[in-house]
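Q: Got a structure here, written out as structure tokens. Questions coming.
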Amino acid sequence: MDVLLFGIAKDIVGNSEIQITSKEKIPNSVQELKDYLIRKFPDFGKLSSFAVAVNSEYAQDDVPLNRNDEIAIIPPVSGG
Amino acid sequence: MDVLLFGIAKDIVGNSEIQITSKEKIPNSVQELKDYLIRKFPDFGKLSSFAVAVNSEYAQDDVPLNRNDEIAIIPPVSGG
Amino acid sequence: MSKKIVAIVDRIDTSQVFTELSDAQSGGICVFVGTVREFTQGEEVVSLEFETYQKMALKEMDKIALDAAKKWNLNIVIIRHAVGLKKVEEPVVVVGASSAHRDACFEACRYLIDTLKETVPIWKKEMFENKTVWVSAHP
Amino acid sequence: MSKKIVAIVDRIDTSQVFTELSDAQSGGICVFVGTVREFTQGEEVVSLEFETYQKMALKEMDKIALDAAKKWNLNIVIIRHAVGLKKVEEPVVVVGASSAHRDACFEACRYLIDTLKETVPIWKKEMFENKTVWVSAHP
């Protein structure tokens, strides 16, 4: 599973993408992905908030994740 | 006494200025000028409203008029 | 307020407005442009003609700009009105303000146009196919 | 809504905005431009850098334009955001709307920028003399 990273999320991970391989437990939902990130990169827990986009739409915590989805981490936006 | 006219006031009088000569009773205040205009050109009475400017400032009805003042009739404005 | 532009002109050029309102202390610029609309109450407007009492109009526009700068923290204010014959789609008025944060410039911009329409001695004549009307003259 | 312009660009050109928003059915055009301000909370900003998730940002901007056109009677809507490095005074975002009467374009313009700042995946990094900060990232 590939996860796209933007803004500060990219800085936290040190890369513009995370690959979660089947050696780990692949997150099945947005909530599981958030938990995975905070566990692996504790700095995610220090953000004001962060959202997950599935196929370029904001996704609630209970949305299931599939291998072919385009998944992205959306840290607090600050456009404008 | 010269009175400048703009917009519909000019159309009512048929001129861009009225000269009130001393053959008539010269209005001594804004109120008297308004009364004079409505008496002489009844179409002024049909307007939504009209104001008088003395030396290019809006003037209340009790403001006195002097011969050297720049006096103008301000029909309802509609800029913008 | 560090700059104030108040003017009556023959033709409005909208292309420079944001450049005129831009400065290093501003994070937001809000501009309103009034243009000639093709239909008024279902009737087709051919053109508009604007007339002004220029000396007084400039004084009143100046007051509006100063009042706005008292009410809000503004950096630059523009009030520019066109006179003469205007065709459909042509700009007739442009008002704008720049400020550090967007609340101030939005509120000021609305105030500028609302107050201009109430107090500035400018008169608009609408020309239709078969008649002309001085706007707002009659109840 | 007869026209909608939604775009992510490298550089914002403000000179054409009013021409793009002009049409015969509109009497009012309201535009907001966000620019780079020199100081943020007393600290001098050297430059800003904007990054976006472009595919999603365009989708969200499109939703905002459509929502605005549902809420108000608008003729043309523009939402355009710049990305990359921006210096002080450079425009970074322009939103605007045209409508028959001015209430609609003012309210819509405010809605466009407020909602953009809440939902569109664009991130701003402030570069100061000695540090860089991702805006809003931390409580």
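Residues are referred to by chain and number: the chain letter is A, B, ... according to the order shown in the structure tokens, the number counts from 1 in that chain, and ligands are numbered separately from 1 in the order shown.
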Just list the residues in chain C DSSP gives alpha helix (DSSP H) on the backbone, as number ranges by chain.
A: C: 17-21, 54-71, 102-119
Q: Just want the 10 Å neighbourhood of A:Ile8, counted on only C-alpha atoms, with same-chain residues fewer than 6 positions away dropped. Output as a short mmCIF file (atom, residue, chain, number, x, y, z; two decimals) with all heavy atoms, in the first residue's frame.
A:
```cif
data_model
loop_
_atom_site.label_atom_id
_atom_site.label_comp_id
_atom_site.auth_asym_id
_atom_site.auth_seq_id
_atom_site.Cartn_x
_atom_site.Cartn_y
_atom_site.Cartn_z
N GLY A 14 10.25 12.17 5.99
CA GLY A 14 11.51 12.32 5.24
C GLY A 14 11.41 11.79 3.83
O GLY A 14 12.42 11.45 3.21
N ASP A 43 5.67 12.03 15.65
CA ASP A 43 5.43 13.45 15.35
C ASP A 43 4.05 13.69 14.73
O ASP A 43 3.53 14.81 14.79
CB ASP A 43 6.52 14.01 14.44
CG ASP A 43 7.79 14.35 15.24
OD1 ASP A 43 7.73 14.30 16.49
OD2 ASP A 43 8.82 14.65 14.61
N PHE A 44 3.45 12.67 14.11
CA PHE A 44 2.09 12.86 13.59
C PHE A 44 1.11 13.17 14.72
O PHE A 44 0.14 13.88 14.55
CB PHE A 44 1.62 11.59 12.84
CG PHE A 44 2.04 11.59 11.40
CD1 PHE A 44 3.09 10.76 10.97
CD2 PHE A 44 1.41 12.41 10.47
CE1 PHE A 44 3.49 10.75 9.64
CE2 PHE A 44 1.81 12.40 9.13
CZ PHE A 44 2.85 11.58 8.72
N LEU A 47 0.69 17.00 15.57
CA LEU A 47 0.04 17.94 14.64
C LEU A 47 -1.31 18.41 15.21
O LEU A 47 -1.93 17.71 16.02
CB LEU A 47 -0.20 17.27 13.29
CG LEU A 47 1.05 16.81 12.53
CD1 LEU A 47 0.65 16.14 11.22
CD2 LEU A 47 1.96 18.01 12.26
N ILE A 73 -2.02 11.53 2.90
CA ILE A 73 -2.13 12.16 4.22
C ILE A 73 -2.25 13.67 4.01
O ILE A 73 -1.44 14.27 3.29
CB ILE A 73 -0.87 11.86 5.07
CG1 ILE A 73 -0.65 10.36 5.16
CG2 ILE A 73 -0.99 12.49 6.46
CD1 ILE A 73 -1.84 9.57 5.66
N ILE A 74 -3.27 14.26 4.64
CA ILE A 74 -3.54 15.68 4.48
C ILE A 74 -3.33 16.38 5.82
O ILE A 74 -4.24 16.44 6.65
CB ILE A 74 -5.01 15.91 4.00
CG1 ILE A 74 -5.36 15.02 2.81
CG2 ILE A 74 -5.25 17.39 3.69
CD1 ILE A 74 -4.63 15.34 1.52
N PRO A 75 -2.14 16.91 6.07
CA PRO A 75 -1.94 17.68 7.31
C PRO A 75 -2.75 18.99 7.23
O PRO A 75 -3.30 19.28 6.16
CB PRO A 75 -0.43 17.94 7.32
CG PRO A 75 0.00 17.85 5.89
CD PRO A 75 -0.94 16.89 5.22
N PRO A 76 -2.82 19.76 8.33
CA PRO A 76 -3.65 20.98 8.33
C PRO A 76 -3.35 21.85 7.12
O PRO A 76 -2.19 22.22 6.90
CB PRO A 76 -3.25 21.67 9.63
CG PRO A 76 -2.82 20.57 10.53
CD PRO A 76 -2.15 19.57 9.63
N TRP D 123 -0.53 23.76 1.06
CA TRP D 123 0.21 24.00 2.30
C TRP D 123 1.21 25.12 2.09
O TRP D 123 1.89 25.16 1.06
CB TRP D 123 0.92 22.72 2.75
CG TRP D 123 -0.07 21.64 3.03
CD1 TRP D 123 -0.72 21.44 4.21
CD2 TRP D 123 -0.55 20.64 2.12
NE1 TRP D 123 -1.58 20.37 4.09
CE2 TRP D 123 -1.50 19.86 2.82
CE3 TRP D 123 -0.30 20.33 0.78
CZ2 TRP D 123 -2.17 18.80 2.24
CZ3 TRP D 123 -0.97 19.28 0.19
CH2 TRP D 123 -1.89 18.52 0.91
N LYS D 124 1.29 25.97 3.11
CA LYS D 124 2.13 27.15 3.04
C LYS D 124 3.27 27.02 4.05
O LYS D 124 3.03 26.79 5.23
CB LYS D 124 1.25 28.36 3.40
CG LYS D 124 1.97 29.66 3.60
CD LYS D 124 0.99 30.85 3.55
CE LYS D 124 -0.23 30.73 4.44
NZ LYS D 124 -1.22 31.79 4.19
N LYS D 125 4.48 27.20 3.56
CA LYS D 125 5.65 27.18 4.45
C LYS D 125 6.19 28.60 4.49
O LYS D 125 6.47 29.20 3.46
CB LYS D 125 6.70 26.22 3.89
CG LYS D 125 7.83 25.94 4.85
CD LYS D 125 8.59 24.67 4.50
CE LYS D 125 9.28 24.75 3.15
NZ LYS D 125 10.13 23.55 2.90
N VAL D 133 8.53 27.46 8.80
CA VAL D 133 7.37 26.98 9.57
C VAL D 133 6.25 26.58 8.62
O VAL D 133 5.86 27.37 7.74
CB VAL D 133 6.85 28.12 10.49
CG1 VAL D 133 5.59 27.67 11.24
CG2 VAL D 133 7.93 28.58 11.47
N TRP D 134 5.73 25.37 8.77
CA TRP D 134 4.52 24.98 8.04
C TRP D 134 3.34 25.60 8.78
O TRP D 134 3.05 25.24 9.91
CB TRP D 134 4.36 23.46 8.01
CG TRP D 134 5.27 22.78 7.03
CD1 TRP D 134 6.40 22.07 7.32
CD2 TRP D 134 5.14 22.76 5.60
NE1 TRP D 134 6.97 21.61 6.16
CE2 TRP D 134 6.23 22.01 5.08
CE3 TRP D 134 4.22 23.30 4.70
CZ2 TRP D 134 6.41 21.79 3.71
CZ3 TRP D 134 4.39 23.08 3.33
CH2 TRP D 134 5.48 22.34 2.85
N VAL D 135 2.64 26.52 8.13
CA VAL D 135 1.58 27.27 8.80
C VAL D 135 0.44 26.34 9.24
O VAL D 135 0.04 25.45 8.50
CB VAL D 135 1.05 28.37 7.85
CG1 VAL D 135 -0.12 29.12 8.49
CG2 VAL D 135 2.18 29.34 7.51
N ALA D 137 0.31 23.89 11.16
CA ALA D 137 0.57 22.46 11.38
C ALA D 137 0.45 22.07 12.85
O ALA D 137 -0.07 21.02 13.19
CB ALA D 137 1.96 22.09 10.86
N HIS D 138 0.92 22.96 13.73
CA HIS D 138 0.92 22.63 15.16
C HIS D 138 -0.06 23.50 15.95
O HIS D 138 -0.33 24.63 15.56
CB HIS D 138 2.34 22.76 15.72
CG HIS D 138 3.26 21.70 15.17
ND1 HIS D 138 4.28 21.98 14.29
CD2 HIS D 138 3.26 20.35 15.34
CE1 HIS D 138 4.89 20.85 13.96
NE2 HIS D 138 4.30 19.85 14.58
#
```
Q: Fit chain A to chain B, using all C-alpha atoms paired in sequence order for the least-squares superposition, and then show me the result as a compact mmCIF listing (two decimals) with N, CA and C atoms, in the first residue's frame.
A:
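out29.txt, written as the output of this step:
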```
# COMPACT_ATOMS: atom_id res chain seq x y z
N MET A 1 -28.47 85.44 -7.51
CA MET A 1 -28.03 84.16 -6.96
C MET A 1 -28.08 83.10 -8.05
N ASP A 2 -26.93 82.38 -8.23
CA ASP A 2 -26.86 81.33 -9.24
C ASP A 2 -27.00 79.97 -8.57
N VAL A 3 -27.78 79.10 -9.19
CA VAL A 3 -27.97 77.76 -8.65
C VAL A 3 -27.62 76.75 -9.74
N LEU A 4 -26.65 75.85 -9.41
CA LEU A 4 -26.25 74.83 -10.38
C LEU A 4 -27.22 73.66 -10.36
N LEU A 5 -27.45 73.10 -11.56
CA LEU A 5 -28.41 72.00 -11.67
C LEU A 5 -27.74 70.78 -12.28
N PHE A 6 -28.10 69.59 -11.78
CA PHE A 6 -27.53 68.35 -12.30
C PHE A 6 -28.62 67.32 -12.52
N GLY A 7 -28.31 66.33 -13.35
CA GLY A 7 -29.20 65.20 -13.54
C GLY A 7 -30.59 65.65 -13.93
N ILE A 8 -31.59 65.06 -13.30
CA ILE A 8 -32.97 65.36 -13.67
C ILE A 8 -33.35 66.81 -13.37
N ALA A 9 -32.65 67.44 -12.41
CA ALA A 9 -32.96 68.84 -12.08
C ALA A 9 -32.71 69.72 -13.31
N LYS A 10 -31.67 69.39 -14.04
CA LYS A 10 -31.33 70.11 -15.27
C LYS A 10 -32.44 69.94 -16.31
N ASP A 11 -32.95 68.71 -16.41
CA ASP A 11 -34.04 68.44 -17.37
C ASP A 11 -35.31 69.19 -16.98
N ILE A 12 -35.61 69.25 -15.67
CA ILE A 12 -36.84 69.91 -15.22
C ILE A 12 -36.81 71.39 -15.58
N VAL A 13 -35.65 72.01 -15.36
CA VAL A 13 -35.54 73.45 -15.59
C VAL A 13 -35.23 73.74 -17.06
N GLY A 14 -34.60 72.76 -17.73
CA GLY A 14 -34.23 72.98 -19.13
C GLY A 14 -32.95 73.78 -19.28
N ASN A 15 -32.14 73.74 -18.24
CA ASN A 15 -30.90 74.52 -18.23
C ASN A 15 -29.99 73.97 -17.13
N SER A 16 -28.68 74.25 -17.23
CA SER A 16 -27.78 73.73 -16.18
C SER A 16 -27.58 74.73 -15.04
N GLU A 17 -28.33 75.82 -15.09
CA GLU A 17 -28.20 76.84 -14.04
C GLU A 17 -29.49 77.64 -13.95
N ILE A 18 -29.84 78.08 -12.76
CA ILE A 18 -30.93 79.05 -12.59
C ILE A 18 -30.31 80.33 -12.04
N GLN A 19 -30.72 81.45 -12.57
CA GLN A 19 -30.31 82.71 -11.96
C GLN A 19 -31.54 83.32 -11.29
N ILE A 20 -31.44 83.50 -9.97
CA ILE A 20 -32.54 84.15 -9.26
C ILE A 20 -32.14 85.61 -9.09
N THR A 21 -32.86 86.49 -9.77
CA THR A 21 -32.46 87.90 -9.76
C THR A 21 -33.20 88.65 -8.67
N SER A 22 -32.76 89.83 -8.37
CA SER A 22 -33.35 90.58 -7.25
C SER A 22 -34.75 91.08 -7.58
N LYS A 23 -35.22 90.86 -8.82
CA LYS A 23 -36.62 91.16 -9.10
C LYS A 23 -37.54 90.23 -8.31
N GLU A 24 -36.99 89.01 -8.00
CA GLU A 24 -37.76 88.07 -7.18
C GLU A 24 -37.27 88.17 -5.74
N LYS A 25 -37.98 87.49 -4.83
CA LYS A 25 -37.50 87.43 -3.44
C LYS A 25 -36.40 86.37 -3.36
N ILE A 26 -35.18 86.81 -3.08
CA ILE A 26 -34.05 85.88 -3.07
C ILE A 26 -34.14 84.96 -1.84
N PRO A 27 -34.07 83.63 -2.02
CA PRO A 27 -34.18 82.71 -0.87
C PRO A 27 -33.03 82.94 0.12
N ASN A 28 -33.39 82.97 1.41
CA ASN A 28 -32.39 83.22 2.45
C ASN A 28 -31.87 81.95 3.10
N SER A 29 -32.49 80.83 2.81
CA SER A 29 -32.06 79.57 3.43
C SER A 29 -32.31 78.44 2.45
N VAL A 30 -31.74 77.29 2.77
CA VAL A 30 -31.94 76.10 1.95
C VAL A 30 -33.43 75.80 1.82
N GLN A 31 -34.15 75.90 2.95
CA GLN A 31 -35.59 75.62 2.93
C GLN A 31 -36.31 76.57 1.98
N GLU A 32 -35.96 77.86 2.04
CA GLU A 32 -36.62 78.83 1.16
C GLU A 32 -36.30 78.55 -0.31
N LEU A 33 -35.08 78.10 -0.59
CA LEU A 33 -34.72 77.77 -1.96
C LEU A 33 -35.53 76.57 -2.46
N LYS A 34 -35.68 75.55 -1.59
CA LYS A 34 -36.47 74.38 -1.98
C LYS A 34 -37.92 74.79 -2.26
N ASP A 35 -38.48 75.63 -1.40
CA ASP A 35 -39.85 76.09 -1.60
C ASP A 35 -39.98 76.87 -2.91
N TYR A 36 -39.01 77.73 -3.17
CA TYR A 36 -38.99 78.52 -4.40
C TYR A 36 -39.02 77.60 -5.63
N LEU A 37 -38.16 76.57 -5.60
CA LEU A 37 -38.06 75.67 -6.76
C LEU A 37 -39.36 74.92 -7.00
N ILE A 38 -39.94 74.41 -5.91
CA ILE A 38 -41.17 73.62 -6.06
C ILE A 38 -42.32 74.51 -6.57
N ARG A 39 -42.32 75.76 -6.12
CA ARG A 39 -43.35 76.69 -6.57
C ARG A 39 -43.19 76.98 -8.06
N LYS A 40 -41.96 77.25 -8.44
CA LYS A 40 -41.70 77.67 -9.83
C LYS A 40 -41.67 76.49 -10.80
N PHE A 41 -41.17 75.35 -10.34
CA PHE A 41 -41.10 74.14 -11.20
C PHE A 41 -41.72 72.97 -10.44
N PRO A 42 -43.04 72.80 -10.57
CA PRO A 42 -43.74 71.81 -9.73
C PRO A 42 -43.16 70.39 -9.85
N ASP A 43 -42.44 70.09 -10.96
CA ASP A 43 -41.86 68.75 -11.11
C ASP A 43 -40.84 68.43 -10.01
N PHE A 44 -40.25 69.45 -9.39
CA PHE A 44 -39.34 69.17 -8.27
C PHE A 44 -40.08 68.47 -7.13
N GLY A 45 -41.37 68.78 -7.00
CA GLY A 45 -42.17 68.15 -5.95
C GLY A 45 -42.45 66.68 -6.22
N LYS A 46 -42.22 66.24 -7.46
CA LYS A 46 -42.50 64.84 -7.80
C LYS A 46 -41.29 63.94 -7.60
N LEU A 47 -40.12 64.53 -7.33
CA LEU A 47 -38.91 63.72 -7.13
C LEU A 47 -38.98 62.93 -5.82
N SER A 48 -38.25 61.83 -5.76
CA SER A 48 -38.17 61.05 -4.51
C SER A 48 -37.70 61.95 -3.38
N SER A 49 -36.82 62.85 -3.69
CA SER A 49 -36.23 63.79 -2.73
C SER A 49 -35.27 64.66 -3.51
N PHE A 50 -34.86 65.77 -2.94
CA PHE A 50 -33.68 66.45 -3.50
C PHE A 50 -32.99 67.23 -2.40
N ALA A 51 -31.68 67.33 -2.52
CA ALA A 51 -30.89 68.01 -1.51
C ALA A 51 -30.28 69.26 -2.11
N VAL A 52 -29.77 70.11 -1.24
CA VAL A 52 -29.07 71.31 -1.70
C VAL A 52 -27.65 71.26 -1.16
N ALA A 53 -26.70 71.57 -2.02
CA ALA A 53 -25.31 71.66 -1.57
C ALA A 53 -24.89 73.13 -1.55
N VAL A 54 -24.25 73.52 -0.47
CA VAL A 54 -23.73 74.88 -0.36
C VAL A 54 -22.21 74.77 -0.28
N ASN A 55 -21.54 75.40 -1.20
CA ASN A 55 -20.09 75.29 -1.31
C ASN A 55 -19.64 73.83 -1.34
N SER A 56 -20.31 73.08 -2.16
CA SER A 56 -20.05 71.66 -2.41
C SER A 56 -20.08 70.77 -1.18
N GLU A 57 -20.97 71.14 -0.22
CA GLU A 57 -21.24 70.26 0.93
C GLU A 57 -22.76 70.18 1.09
N TYR A 58 -23.25 68.98 1.42
CA TYR A 58 -24.69 68.85 1.70
C TYR A 58 -25.07 69.86 2.79
N ALA A 59 -26.19 70.55 2.61
CA ALA A 59 -26.61 71.56 3.59
C ALA A 59 -28.02 71.24 4.11
N GLN A 60 -28.19 71.32 5.41
CA GLN A 60 -29.50 71.12 6.04
C GLN A 60 -30.42 72.28 5.67
N ASP A 61 -31.73 72.08 5.91
CA ASP A 61 -32.72 73.09 5.51
C ASP A 61 -32.50 74.45 6.16
N ASP A 62 -31.94 74.47 7.37
CA ASP A 62 -31.82 75.76 8.07
C ASP A 62 -30.54 76.53 7.73
N VAL A 63 -29.74 76.00 6.84
CA VAL A 63 -28.48 76.69 6.49
C VAL A 63 -28.81 77.96 5.68
N PRO A 64 -28.25 79.09 6.11
CA PRO A 64 -28.50 80.35 5.38
C PRO A 64 -27.73 80.39 4.06
N LEU A 65 -28.28 81.08 3.10
CA LEU A 65 -27.62 81.20 1.79
C LEU A 65 -27.09 82.62 1.60
N ASN A 66 -25.87 82.68 1.09
CA ASN A 66 -25.28 83.99 0.79
C ASN A 66 -25.01 84.08 -0.70
N ARG A 67 -25.00 85.30 -1.18
CA ARG A 67 -24.85 85.57 -2.60
C ARG A 67 -23.61 84.90 -3.21
N ASN A 68 -22.52 84.83 -2.43
CA ASN A 68 -21.28 84.30 -2.99
C ASN A 68 -21.12 82.78 -2.85
N ASP A 69 -22.09 82.17 -2.18
CA ASP A 69 -22.00 80.71 -2.03
C ASP A 69 -22.15 80.04 -3.39
N GLU A 70 -21.49 78.89 -3.53
CA GLU A 70 -21.76 78.05 -4.69
C GLU A 70 -22.91 77.13 -4.29
N ILE A 71 -24.04 77.30 -4.94
CA ILE A 71 -25.25 76.57 -4.55
C ILE A 71 -25.62 75.58 -5.65
N ALA A 72 -25.94 74.36 -5.27
CA ALA A 72 -26.30 73.35 -6.27
C ALA A 72 -27.47 72.51 -5.80
N ILE A 73 -28.29 72.10 -6.76
CA ILE A 73 -29.40 71.19 -6.46
C ILE A 73 -28.92 69.77 -6.72
N ILE A 74 -29.13 68.91 -5.72
CA ILE A 74 -28.66 67.52 -5.81
C ILE A 74 -29.88 66.59 -5.81
N PRO A 75 -30.37 66.22 -6.99
CA PRO A 75 -31.47 65.24 -7.04
C PRO A 75 -30.94 63.87 -6.57
N PRO A 76 -31.84 62.88 -6.39
CA PRO A 76 -31.40 61.57 -5.86
C PRO A 76 -30.20 61.04 -6.63
N VAL A 77 -29.11 60.75 -5.90
CA VAL A 77 -27.89 60.30 -6.58
C VAL A 77 -28.05 58.83 -7.00
N SER A 78 -27.32 58.43 -8.02
CA SER A 78 -27.43 57.07 -8.53
C SER A 78 -26.13 56.59 -9.16
N GLY A 79 -25.02 56.95 -8.51
CA GLY A 79 -23.72 56.48 -8.99
C GLY A 79 -23.52 55.01 -8.67
N GLY A 80 -22.40 54.50 -9.14
CA GLY A 80 -22.04 53.12 -8.81
C GLY A 80 -22.57 52.13 -9.82
```
Q: Output as a VMD selection string all residues of chain B that backbone DSSP marks as strand (DSSP E or B).
A: chain B and resid 2 to 5 17 to 19 29 51 to 54 57 to 59 64 71 to 74
Q: Could you give me, as a tab-separated table, a per-residue list for chain D showing, wherever an atom lies at most 10 Å from an atom of chain C, the closest pair of atoms and their distance in Å to one decimal, using only C-alpha atoms and sorting by chain then residue number from low to high?
A:
```
residue	atom	partner	partner_atom	distance
D:Asp13	CA	C:Ser15	CA	9.7
D:Thr14	CA	C:Phe18	CA	6.5
D:Ser15	CA	C:Ser15	CA	4.1
D:Gln16	CA	C:Ser15	CA	6.2
D:Val17	CA	C:Ser15	CA	7.9
D:Phe18	CA	C:Thr14	CA	6.5
D:Thr19	CA	C:Thr14	CA	8.1
D:Ser22	CA	C:Glu89	CA	6.4
D:Asp23	CA	C:Glu89	CA	5.9
D:Ala24	CA	C:Glu89	CA	5.2
D:Gln25	CA	C:Arg37	CA	5.4
D:Ser26	CA	C:Arg37	CA	5.4
D:Gly27	CA	C:Thr35	CA	4.8
D:Gly28	CA	C:Gly34	CA	4.6
D:Ile29	CA	C:Val33	CA	5.1
D:Cys30	CA	C:Phe32	CA	4.5
D:Val31	CA	C:Val31	CA	5.3
D:Phe32	CA	C:Cys30	CA	4.5
D:Val33	CA	C:Ile29	CA	5.1
D:Gly34	CA	C:Gly28	CA	4.6
D:Thr35	CA	C:Gly27	CA	4.8
D:Val36	CA	C:Gly27	CA	5.7
D:Arg37	CA	C:Gly27	CA	4.9
D:Glu38	CA	C:Ala24	CA	5.3
D:Phe39	CA	C:Gln25	CA	7.1
D:Thr40	CA	C:Ala100	CA	9.5
D:Lys87	CA	C:Ala24	CA	9.8
D:Val88	CA	C:Ala24	CA	6.0
D:Glu89	CA	C:Ala24	CA	5.2
D:Glu90	CA	C:Ser22	CA	8.5
D:Pro91	CA	C:Ser22	CA	8.8
D:Val92	CA	C:Gly27	CA	9.7
D:Val93	CA	C:Gly28	CA	9.6
D:Val94	CA	C:Ile29	CA	9.5
D:Val95	CA	C:Cys30	CA	9.8
D:Gly96	CA	C:Val31	CA	9.4
D:Ala97	CA	C:Phe32	CA	10.0
D:Ser98	CA	C:Val33	CA	9.2
D:Ser99	CA	C:Arg37	CA	9.6
D:Ala100	CA	C:Arg37	CA	7.2
D:His101	CA	C:Gly34	CA	9.1
D:Arg102	CA	C:Gly34	CA	8.2
D:Asp103	CA	C:Arg110	CA	9.1
D:Cys105	CA	C:Phe32	CA	8.9
D:Phe106	CA	C:Arg110	CA	7.6
D:Glu107	CA	C:Phe106	CA	9.6
D:Cys109	CA	C:Phe106	CA	9.2
D:Arg110	CA	C:Phe106	CA	7.6
D:Ile113	CA	C:Arg102	CA	9.3
D:Asp114	CA	C:Arg102	CA	9.6
```
Q: Using atom CA of C:Leu116 and atom CA of C:Ile79 as the two end points, give the distance in Å to one decimal.
A: 8.8 Å
Q: Mind checking which residues fall within 8 Å of C:Val9, counting only C-alpha atoms, ignoring those fewer than 5 positions away in the same chain, and posting them as a list in words?
A: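 Here the answer would be Arg80, His81, Ala82 and Val83 of chain C.
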Q: In Å, with one decimal, what is the gap from atom CA of C:Met1 to atom CA of D:Leu112?
A: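 Atom-to-atom, atom CA of C:Met1 to atom CA of D:Leu112, that is 26.7 Å.
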Q: At what distance in Å, to one decimal, does atom CA of D:Met127 lie from atom CA of D:Gln41?
A: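 The value is 13.3 Å.
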